[in-house]
Amino acid sequence: MAENMRPIEQACYWLAGRRREADPPLVGRREADVAIIGAGLTGLWTAIFLKRLDPKQEIVVVEQGTAAYGASGRNAGMLGEGIDHSHELAIAHFGRREATRLAGLGVENIRDLLRFLEERRIDCDLERTGQMHVALLPSQVGELRESAEVARQLGLTHFRFLDRAETRAELNCARYEAALLNPNSCILNPVKLVEGLKREAARAGTVFHERTRVTAIEKTNGGVRLRTAHLPGVAEAPAARMEATGVAAERLQAAAARLKAAAARAQGAVAPGAAGELVARRLILATNAYTHQIFPRLLSRFIPLYDYILVSEPLTVEQMSRIGWRRRQGVTDTRAFFKYYRLTADNRILWGTSEAAYYSGNRVDAGCDHSERHYAELRDSFRRHFPALGDLEFPYAWGGPICSTTRFTPFFGSAEGGRILYGLGYTGHGLGNTHLAGQILAHMALERKSPLLDLALVRKKPFPYPPEPLRSLAVRAVTRALRRVDAGGRPGLLLRCLDAMGMGLSS
């Protein structure tokens, strides 16, 4: 099946390795103290911290797909301590004092997250490898040194600068000029992380309903009412989605029939479209890039984008010897549109790009899951970095939605008199920041005091994005400007103006 036809459950390396039945959809009426829409990392951490603060709370999570279907299961699995995209941007956005607080909080946040995984024995292929930020141009070497100095000024002394020889000794790439190593970063399997957190939340008493789309949100006297409908899964998908030819088509149809039968048994043969109703005192939107589809008023504060990723076939011992990578660090380069890459547990190379795609009209749907243009560019980029592995095949290729704010940090708030709470906008840093967001949202929902609620990123909203059609025009203009910077040019008038407004796109 062509890449642009493969369902995300097959195209995404992490999701393709998952084997479990979906939880039953919501059918009929039920009540809860807190309802959460979204069984990704934000929703799961929020449920866990709600139960920690008040075990008696009745928590119900509804998910339109299955847990980890969105960004939580499609990311690179690179866990870092940054709350902002860089310490320089944190200073620009919030001032030096708050940036110092965020720097320390980022270290504490990851330490607590890892402790939780260890205590609960959540197996997610975690490797504490560190992460290298590499310079590809001589002009970027000074930027790395400056970043290390800024981190030191904010109280972080664990960063280590690597010169050209030291960098290439870690990973044999002739393009590297230097690197900045953060030993605190990790790599993991994000779908295994989600499944582990979901088991912990369920063990604490949280109820999950998957394949359940929210069709309406209504105010009630004491809270909110969600109207829902049962969605078909892959096994129940229309035949048009399963198009193929010859023997491949027959095998696919047979597999679909087996999956459909299993799903019917597991879910009590619930008919697609079956209605449900969930009444709760509080509702938490943990929907990130999908939020505008059910709560459009927040759209001005974020923009949905798609990142794209390839995963290779497993490397042989001989192939590994060509490139080194003995310490298995995650890697990102220092360009505005950077590449990020890592090894999986079975020694595949994951290769992704931050040159995200925006689809006009704020589209977030299955039609955006693949981009042949991005895949071709990723393959070319990989061969430029590692020509010795130029024949390496990449059987997995997919895109995933991210949610970006103008300041590159999440934002939080409430609506409808406090009935509805939300936290979103991780801009690619959600693997770690959702652990923090879960604590913030849980304290907000239970009206408990916490120093986290005093953070500027909680109290202040990001600068808004323009509406369409200006939004599409602005994305194209900024993309062209950033490409010129990555090619070695200086930021033009547009990027300088955005820097002055605090967006820091050229930083």
# chains A, B, ... in the order shown; residues from 1 in each chain; ligands from 1
call {"tool": "residues_around", "arguments": {"residues": "Cys186 (chain A)", "least_positions_apart": "6", "cutoff": "10 Å", "atoms": "only C-alpha atoms", "output": "PyMOL selection string"}}
result
chain A and resi 77-81+110+114+126-131+328-330
call {"tool": "write_last_selection", "arguments": {"atoms": "all heavy atoms", "output": "tab-separated table (two decimals), in the first residue's frame"}}
result
chain	number	residue	atom	x	y	z
A	77	GLY	N	9.56	10.58	20.75
A	77	GLY	CA	9.94	9.90	21.98
A	77	GLY	C	11.24	10.43	22.56
A	77	GLY	O	12.00	9.68	23.18
A	78	MET	N	11.49	11.75	22.41
A	78	MET	CA	12.69	12.38	22.96
A	78	MET	C	12.26	13.28	24.11
A	78	MET	O	11.60	14.30	23.91
A	78	MET	CB	13.42	13.15	21.87
A	78	MET	CG	13.93	12.24	20.76
A	78	MET	SD	14.50	13.10	19.25
A	78	MET	CE	15.94	13.97	19.87
A	79	LEU	N	12.64	12.91	25.31
A	79	LEU	CA	12.19	13.57	26.53
A	79	LEU	C	13.26	14.54	27.01
A	79	LEU	O	14.36	14.14	27.37
A	79	LEU	CB	11.90	12.52	27.61
A	79	LEU	CG	11.52	13.01	29.00
A	79	LEU	CD1	10.22	13.80	28.96
A	79	LEU	CD2	11.41	11.85	29.97
A	80	GLY	N	12.90	15.83	27.02
A	80	GLY	CA	13.83	16.86	27.47
A	80	GLY	C	13.25	17.67	28.60
A	80	GLY	O	12.06	17.60	28.91
A	81	GLU	N	14.10	18.49	29.21
A	81	GLU	CA	13.69	19.24	30.40
A	81	GLU	C	13.23	20.66	30.07
A	81	GLU	O	12.78	21.39	30.96
A	81	GLU	CB	14.85	19.31	31.39
A	81	GLU	CG	16.07	20.06	30.83
A	81	GLU	CD	17.32	19.91	31.68
A	81	GLU	OE1	17.34	18.97	32.52
A	81	GLU	OE2	18.25	20.70	31.51
A	110	ILE	N	11.29	16.76	35.10
A	110	ILE	CA	11.75	15.50	34.49
A	110	ILE	C	12.21	14.52	35.56
A	110	ILE	O	11.96	13.30	35.45
A	110	ILE	CB	12.88	15.77	33.48
A	110	ILE	CG1	12.35	16.63	32.33
A	110	ILE	CG2	13.46	14.46	32.94
A	110	ILE	CD1	11.15	16.05	31.62
A	114	LEU	N	10.49	10.81	35.88
A	114	LEU	CA	11.26	9.57	35.82
A	114	LEU	C	11.11	8.77	37.11
A	114	LEU	O	11.07	7.53	37.07
A	114	LEU	CB	12.74	9.89	35.55
A	114	LEU	CG	13.06	10.53	34.19
A	114	LEU	CD1	14.53	10.86	34.09
A	114	LEU	CD2	12.63	9.63	33.05
A	126	LEU	N	12.69	3.15	28.20
A	126	LEU	CA	13.39	4.37	28.59
A	126	LEU	C	14.91	4.16	28.58
A	126	LEU	O	15.41	3.17	29.10
A	126	LEU	CB	12.94	4.79	29.99
A	126	LEU	CG	13.65	5.99	30.60
A	126	LEU	CD1	13.21	7.28	29.89
A	126	LEU	CD2	13.38	6.09	32.10
A	127	GLU	N	15.62	5.10	27.96
A	127	GLU	CA	17.09	5.11	27.96
A	127	GLU	C	17.56	6.51	28.31
A	127	GLU	O	17.20	7.48	27.65
A	127	GLU	CB	17.64	4.71	26.60
A	127	GLU	CG	17.27	3.32	26.12
A	127	GLU	CD	17.91	2.99	24.79
A	127	GLU	OE1	19.15	3.07	24.69
A	127	GLU	OE2	17.17	2.70	23.84
A	128	ARG	N	18.37	6.61	29.36
A	128	ARG	CA	18.87	7.92	29.81
A	128	ARG	C	20.17	8.22	29.07
A	128	ARG	O	21.26	8.16	29.62
A	128	ARG	CB	19.05	7.92	31.32
A	128	ARG	CG	17.77	7.55	32.07
A	128	ARG	CD	17.89	7.76	33.56
A	128	ARG	NE	16.71	7.26	34.24
A	128	ARG	CZ	16.34	7.61	35.47
A	128	ARG	NH1	17.09	8.48	36.15
A	128	ARG	NH2	15.26	7.12	36.03
A	129	THR	N	20.03	8.58	27.81
A	129	THR	CA	21.17	8.70	26.90
A	129	THR	C	21.73	10.11	26.81
A	129	THR	O	22.84	10.31	26.35
A	129	THR	CB	20.75	8.28	25.48
A	129	THR	OG1	19.66	9.12	25.07
A	129	THR	CG2	20.30	6.83	25.46
A	130	GLY	N	20.94	11.12	27.18
A	130	GLY	CA	21.33	12.49	26.91
A	130	GLY	C	20.92	12.90	25.51
A	130	GLY	O	20.44	12.09	24.70
A	131	GLN	N	21.12	14.18	25.22
A	131	GLN	CA	20.79	14.70	23.89
A	131	GLN	C	21.84	15.70	23.44
A	131	GLN	O	22.30	16.55	24.22
A	131	GLN	CB	19.42	15.39	23.91
A	131	GLN	CG	18.97	15.93	22.56
A	131	GLN	CD	17.53	16.39	22.56
A	131	GLN	OE1	16.71	15.89	23.33
A	131	GLN	NE2	17.22	17.34	21.73
A	328	ARG	N	24.11	6.43	22.06
A	328	ARG	CA	22.70	6.43	21.65
A	328	ARG	C	21.97	7.74	22.02
A	328	ARG	O	20.77	7.74	22.29
A	328	ARG	CB	21.98	5.23	22.27
A	328	ARG	CG	22.59	3.89	21.90
A	328	ARG	CD	21.95	2.73	22.66
A	328	ARG	NE	20.53	2.62	22.39
A	328	ARG	CZ	20.01	2.00	21.34
A	328	ARG	NH1	20.81	1.44	20.44
A	328	ARG	NH2	18.71	1.94	21.17
A	329	GLN	N	22.66	8.84	22.03
A	329	GLN	CA	22.01	10.11	22.36
A	329	GLN	C	20.94	10.49	21.34
A	329	GLN	O	21.06	10.17	20.15
A	329	GLN	CB	23.04	11.26	22.39
A	329	GLN	CG	24.18	11.08	23.36
A	329	GLN	CD	25.43	10.54	22.70
A	329	GLN	OE1	25.33	9.74	21.75
A	329	GLN	NE2	26.59	10.96	23.16
A	330	GLY	N	19.91	11.19	21.80
A	330	GLY	CA	19.04	11.88	20.87
A	330	GLY	C	19.80	13.05	20.27
A	330	GLY	O	20.72	13.59	20.90
call {"tool": "residues_around", "arguments": {"residues": "Ser72 (chain A)", "least_positions_apart": "4", "cutoff": "6 Å", "atoms": "only C-alpha atoms", "output": "number ranges by chain"}}
result
A: 40-41, 68
call {"tool": "residues_around", "arguments": {"residues": "region 149-163 of chain A", "least_positions_apart": "5", "cutoff": "6 Å", "atoms": "only C-alpha atoms", "output": "PyMOL selection string"}}
result
chain A and resi 100+178-182
call {"tool": "write_last_selection", "arguments": {"atoms": "C-alpha atoms", "output": "short mmCIF file (atom, residue, chain, number, x, y, z; two decimals), in the first residue's frame"}}
result
data_model
loop_
_atom_site.label_atom_id
_atom_site.label_comp_id
_atom_site.auth_asym_id
_atom_site.auth_seq_id
_atom_site.Cartn_x
_atom_site.Cartn_y
_atom_site.Cartn_z
CA THR A 100 15.51 31.04 36.08
CA ALA A 178 30.31 21.13 17.44
CA ALA A 179 27.61 20.07 19.90
CA LEU A 180 26.07 20.97 23.23
CA LEU A 181 25.29 17.87 25.30
CA ASN A 182 22.49 17.76 27.85
#
call {"tool": "closest_residue", "arguments": {"among": "A:Gly17, A:Gly273, A:Gly428, A:Gly106", "to": "Tyr306 (chain A)", "atoms": "only C-alpha atoms"}}
result
A:Gly428
call {"tool": "atom_distance", "arguments": {"atom1": "CA of Thr291 (chain A)", "atom2": "CA of Val34 (chain A)"}}
result
17.8 Å
call {"tool": "select_by_dssp", "arguments": {"residues": "region 63-269 of chain A", "states": "alpha helix (DSSP H)", "output": "ChimeraX atom specification"}}
result
/A:71-74,87-94,96-119,138-153,164-170,190-203,246-266
call {"tool": "closest_residue", "arguments": {"among": "A:Pro466, A:Gly438, A:Pro24, A:Pro410", "to": "Gly425 (chain A)", "atoms": "only C-alpha atoms"}}
result
A:Pro410
call {"tool": "residues_around", "arguments": {"residues": "Leu231 (chain A)", "least_positions_apart": "4", "cutoff": "7 Å", "atoms": "only C-alpha atoms", "output": "PyMOL selection string"}}
result
chain A and resi 64+211-213+272-273
call {"tool": "closest_residue", "arguments": {"among": "A:Asp346, A:Leu144, A:Arg29, A:Ile294", "to": "Val317 (chain A)", "atoms": "only C-alpha atoms"}}
result
A:Asp346
call {"tool": "closest_atom_pairs", "arguments": {"of": "region 363-421 of chain A", "to": "region 276-285 of chain A", "cutoff": "10 Å", "atoms": "only C-alpha atoms", "output": "CSV"}}
result
residue,atom,partner,partner_atom,distance
A:Ser414,CA,A:Ile284,CA,9.0
A:Ala415,CA,A:Leu283,CA,9.9
A:Gly418,CA,A:Arg282,CA,7.7
A:Arg419,CA,A:Arg282,CA,4.9
A:Ile420,CA,A:Leu283,CA,4.8
A:Leu421,CA,A:Ile284,CA,4.8
call {"tool": "residues_around", "arguments": {"residues": "region 349-359 of chain A", "least_positions_apart": "6", "cutoff": "8 Å", "atoms": "only C-alpha atoms", "output": "tab-separated table (two decimals) with all heavy atoms, in the first residue's frame"}}
result
chain	number	residue	atom	x	y	z
A	76	ALA	N	8.55	11.79	18.51
A	76	ALA	CA	9.84	11.11	18.38
A	76	ALA	C	10.24	10.35	19.63
A	76	ALA	O	11.19	9.57	19.60
A	76	ALA	CB	10.93	12.12	18.02
A	304	PRO	N	-2.59	24.76	14.52
A	304	PRO	CA	-2.29	23.33	14.37
A	304	PRO	C	-1.34	23.10	13.20
A	304	PRO	O	-1.55	23.63	12.10
A	304	PRO	CB	-3.66	22.71	14.11
A	304	PRO	CG	-4.46	23.80	13.47
A	304	PRO	CD	-3.93	25.11	14.00
A	305	LEU	N	-0.31	22.34	13.43
A	305	LEU	CA	0.71	22.05	12.43
A	305	LEU	C	0.98	20.55	12.40
A	305	LEU	O	0.62	19.83	13.34
A	305	LEU	CB	2.02	22.78	12.75
A	305	LEU	CG	1.95	24.30	12.88
A	305	LEU	CD1	3.23	24.83	13.52
A	305	LEU	CD2	1.72	24.96	11.53
A	306	TYR	N	1.63	20.09	11.34
A	306	TYR	CA	1.98	18.67	11.22
A	306	TYR	C	3.49	18.52	11.06
A	306	TYR	O	4.09	19.10	10.16
A	306	TYR	CB	1.27	18.02	10.03
A	306	TYR	CG	-0.06	17.43	10.39
A	306	TYR	CD1	-1.16	18.24	10.60
A	306	TYR	CD2	-0.23	16.05	10.53
A	306	TYR	CE1	-2.40	17.71	10.94
A	306	TYR	CE2	-1.45	15.50	10.86
A	306	TYR	CZ	-2.54	16.33	11.06
A	306	TYR	OH	-3.76	15.80	11.41
A	307	ASP	N	4.10	17.73	11.96
A	307	ASP	CA	5.49	17.29	11.80
A	307	ASP	C	5.48	15.91	11.13
A	307	ASP	O	4.53	15.14	11.30
A	307	ASP	CB	6.16	17.16	13.16
A	307	ASP	CG	6.84	18.45	13.60
A	307	ASP	OD1	6.64	19.48	12.93
A	307	ASP	OD2	7.56	18.43	14.61
A	308	TYR	N	6.58	15.60	10.43
A	308	TYR	CA	6.68	14.31	9.73
A	308	TYR	C	7.95	13.57	10.12
A	308	TYR	O	9.00	14.19	10.36
A	308	TYR	CB	6.60	14.53	8.22
A	308	TYR	CG	5.23	15.02	7.80
A	308	TYR	CD1	4.96	16.38	7.68
A	308	TYR	CD2	4.18	14.12	7.60
A	308	TYR	CE1	3.68	16.84	7.34
A	308	TYR	CE2	2.92	14.56	7.27
A	308	TYR	CZ	2.67	15.91	7.14
A	308	TYR	OH	1.41	16.35	6.83
A	309	ILE	N	7.83	12.24	10.17
A	309	ILE	CA	8.88	11.38	10.72
A	309	ILE	C	9.04	10.13	9.84
A	309	ILE	O	8.05	9.61	9.32
A	309	ILE	CB	8.53	10.96	12.16
A	309	ILE	CG1	8.67	12.15	13.12
A	309	ILE	CG2	9.39	9.80	12.64
A	309	ILE	CD1	8.20	11.86	14.53
A	310	LEU	N	10.27	9.66	9.71
A	310	LEU	CA	10.58	8.36	9.11
A	310	LEU	C	11.21	7.46	10.17
A	310	LEU	O	11.90	7.95	11.07
A	310	LEU	CB	11.58	8.51	7.96
A	310	LEU	CG	11.26	9.44	6.79
A	310	LEU	CD1	12.44	9.46	5.82
A	310	LEU	CD2	9.99	9.01	6.09
A	311	VAL	N	11.00	6.17	10.05
A	311	VAL	CA	11.72	5.19	10.87
A	311	VAL	C	12.24	4.10	9.94
A	311	VAL	O	11.51	3.56	9.12
A	311	VAL	CB	10.83	4.59	11.97
A	311	VAL	CG1	11.49	3.37	12.61
A	311	VAL	CG2	10.54	5.63	13.05
A	312	SER	N	13.52	3.77	10.11
A	312	SER	CA	14.21	2.86	9.20
A	312	SER	C	13.98	1.41	9.58
A	312	SER	O	13.39	1.09	10.62
A	312	SER	CB	15.71	3.15	9.22
A	312	SER	OG	16.30	2.66	10.41
A	313	GLU	N	14.49	0.53	8.74
A	313	GLU	CA	14.62	-0.87	9.11
A	313	GLU	C	15.72	-0.96	10.18
A	313	GLU	O	16.52	-0.04	10.33
A	313	GLU	CB	15.00	-1.69	7.89
A	313	GLU	CG	16.29	-1.24	7.23
A	313	GLU	CD	16.51	-1.87	5.85
A	313	GLU	OE1	15.63	-2.60	5.40
A	313	GLU	OE2	17.57	-1.60	5.25
A	314	PRO	N	15.80	-2.06	10.94
A	314	PRO	CA	16.85	-2.17	11.97
A	314	PRO	C	18.24	-2.17	11.36
A	314	PRO	O	18.48	-2.77	10.30
A	314	PRO	CB	16.54	-3.52	12.64
A	314	PRO	CG	15.11	-3.79	12.33
A	314	PRO	CD	14.86	-3.20	10.98
A	315	LEU	N	19.16	-1.47	12.02
A	315	LEU	CA	20.54	-1.44	11.56
A	315	LEU	C	21.25	-2.73	11.97
A	315	LEU	O	21.03	-3.26	13.07
A	315	LEU	CB	21.29	-0.25	12.15
A	315	LEU	CG	21.26	1.05	11.33
A	315	LEU	CD1	19.84	1.59	11.21
A	315	LEU	CD2	22.16	2.10	11.96
A	337	PHE	N	14.52	25.37	11.14
A	337	PHE	CA	13.85	24.14	10.74
A	337	PHE	C	14.84	23.00	10.95
A	337	PHE	O	15.60	22.65	10.05
A	337	PHE	CB	13.40	24.21	9.29
A	337	PHE	CG	12.25	25.14	9.05
A	337	PHE	CD1	12.23	25.96	7.94
A	337	PHE	CD2	11.18	25.19	9.94
A	337	PHE	CE1	11.16	26.81	7.71
A	337	PHE	CE2	10.11	26.05	9.72
A	337	PHE	CZ	10.10	26.86	8.61
A	338	PHE	N	14.84	22.45	12.14
A	338	PHE	CA	15.87	21.48	12.50
A	338	PHE	C	15.41	20.05	12.23
A	338	PHE	O	14.22	19.75	12.13
A	338	PHE	CB	16.25	21.63	13.98
A	338	PHE	CG	15.09	21.51	14.93
A	338	PHE	CD1	14.67	20.28	15.41
A	338	PHE	CD2	14.44	22.66	15.38
A	338	PHE	CE1	13.61	20.18	16.29
A	338	PHE	CE2	13.38	22.58	16.27
A	338	PHE	CZ	12.95	21.33	16.72
A	339	LYS	N	16.38	19.17	12.12
A	339	LYS	CA	16.13	17.73	12.08
A	339	LYS	C	16.36	17.18	13.48
A	339	LYS	O	17.20	17.65	14.23
A	339	LYS	CB	17.05	17.04	11.08
A	339	LYS	CG	16.87	17.47	9.64
A	339	LYS	CD	15.49	17.10	9.12
A	339	LYS	CE	15.32	17.44	7.64
A	339	LYS	NZ	15.30	18.89	7.38
A	340	TYR	N	15.57	16.16	13.84
A	340	TYR	CA	15.76	15.49	15.12
A	340	TYR	C	15.78	13.99	14.85
A	340	TYR	O	15.06	13.49	13.99
A	340	TYR	CB	14.66	15.86	16.12
A	340	TYR	CG	13.24	15.75	15.60
A	340	TYR	CD1	12.53	14.54	15.69
A	340	TYR	CD2	12.61	16.84	15.02
A	340	TYR	CE1	11.23	14.44	15.23
A	340	TYR	CE2	11.31	16.74	14.54
A	340	TYR	CZ	10.62	15.55	14.65
A	340	TYR	OH	9.33	15.45	14.18
A	341	TYR	N	16.63	13.28	15.58
A	341	TYR	CA	16.77	11.86	15.31
A	341	TYR	C	17.29	11.12	16.53
A	341	TYR	O	17.86	11.70	17.45
A	341	TYR	CB	17.65	11.59	14.09
A	341	TYR	CG	18.84	12.50	13.87
A	341	TYR	CD1	20.14	12.04	14.08
A	341	TYR	CD2	18.67	13.80	13.41
A	341	TYR	CE1	21.23	12.86	13.84
A	341	TYR	CE2	19.75	14.63	13.17
A	341	TYR	CZ	21.04	14.15	13.39
A	341	TYR	OH	22.12	14.97	13.17
A	342	ARG	N	17.05	9.80	16.51
A	342	ARG	CA	17.39	8.94	17.63
A	342	ARG	C	17.35	7.50	17.17
A	342	ARG	O	16.88	7.18	16.07
A	342	ARG	CB	16.39	9.13	18.77
A	342	ARG	CG	14.95	8.96	18.29
A	342	ARG	CD	13.99	8.59	19.39
A	342	ARG	NE	14.25	7.25	19.93
A	342	ARG	CZ	13.47	6.65	20.81
A	342	ARG	NH1	12.38	7.25	21.24
A	342	ARG	NH2	13.76	5.44	21.26
A	343	LEU	N	17.82	6.60	18.02
A	343	LEU	CA	17.71	5.17	17.80
A	343	LEU	C	16.53	4.61	18.59
A	343	LEU	O	16.24	5.07	19.70
A	343	LEU	CB	18.99	4.45	18.24
A	343	LEU	CG	20.24	4.72	17.41
A	343	LEU	CD1	21.47	4.18	18.14
A	343	LEU	CD2	20.12	4.09	16.03
A	368	CYS	N	-4.15	14.71	6.43
A	368	CYS	CA	-2.88	15.40	6.68
A	368	CYS	C	-1.80	14.46	7.20
A	368	CYS	O	-0.67	14.89	7.44
A	368	CYS	CB	-3.08	16.53	7.69
A	368	CYS	SG	-4.42	17.66	7.34
A	378	LEU	N	13.15	14.36	3.82
A	378	LEU	CA	13.76	13.66	4.95
A	378	LEU	C	14.76	12.61	4.48
A	378	LEU	O	15.86	12.49	5.04
A	378	LEU	CB	12.67	13.01	5.80
A	378	LEU	CG	11.93	13.93	6.77
A	378	LEU	CD1	10.68	13.25	7.32
A	378	LEU	CD2	12.83	14.37	7.91
A	382	PHE	N	18.74	12.70	5.27
A	382	PHE	CA	19.44	11.59	5.93
A	382	PHE	C	20.68	11.18	5.13
A	382	PHE	O	21.76	10.97	5.71
A	382	PHE	CB	18.50	10.40	6.11
A	382	PHE	CG	19.18	9.20	6.69
A	382	PHE	CD1	19.43	9.12	8.05
A	382	PHE	CD2	19.60	8.15	5.88
A	382	PHE	CE1	20.08	8.03	8.60
A	382	PHE	CE2	20.25	7.05	6.42
A	382	PHE	CZ	20.49	6.99	7.78
A	472	SER	N	-2.80	31.76	6.73
A	472	SER	CA	-2.07	31.00	5.70
A	472	SER	C	-0.98	31.85	5.07
A	472	SER	O	0.15	31.38	4.83
A	472	SER	CB	-3.04	30.52	4.62
A	472	SER	OG	-3.92	29.54	5.13
A	475	VAL	N	1.98	32.18	7.53
A	475	VAL	CA	2.77	30.96	7.63
A	475	VAL	C	3.71	30.84	6.43
A	475	VAL	O	4.90	30.52	6.58
A	475	VAL	CB	1.86	29.72	7.72
A	475	VAL	CG1	2.66	28.44	7.55
A	475	VAL	CG2	1.13	29.70	9.05
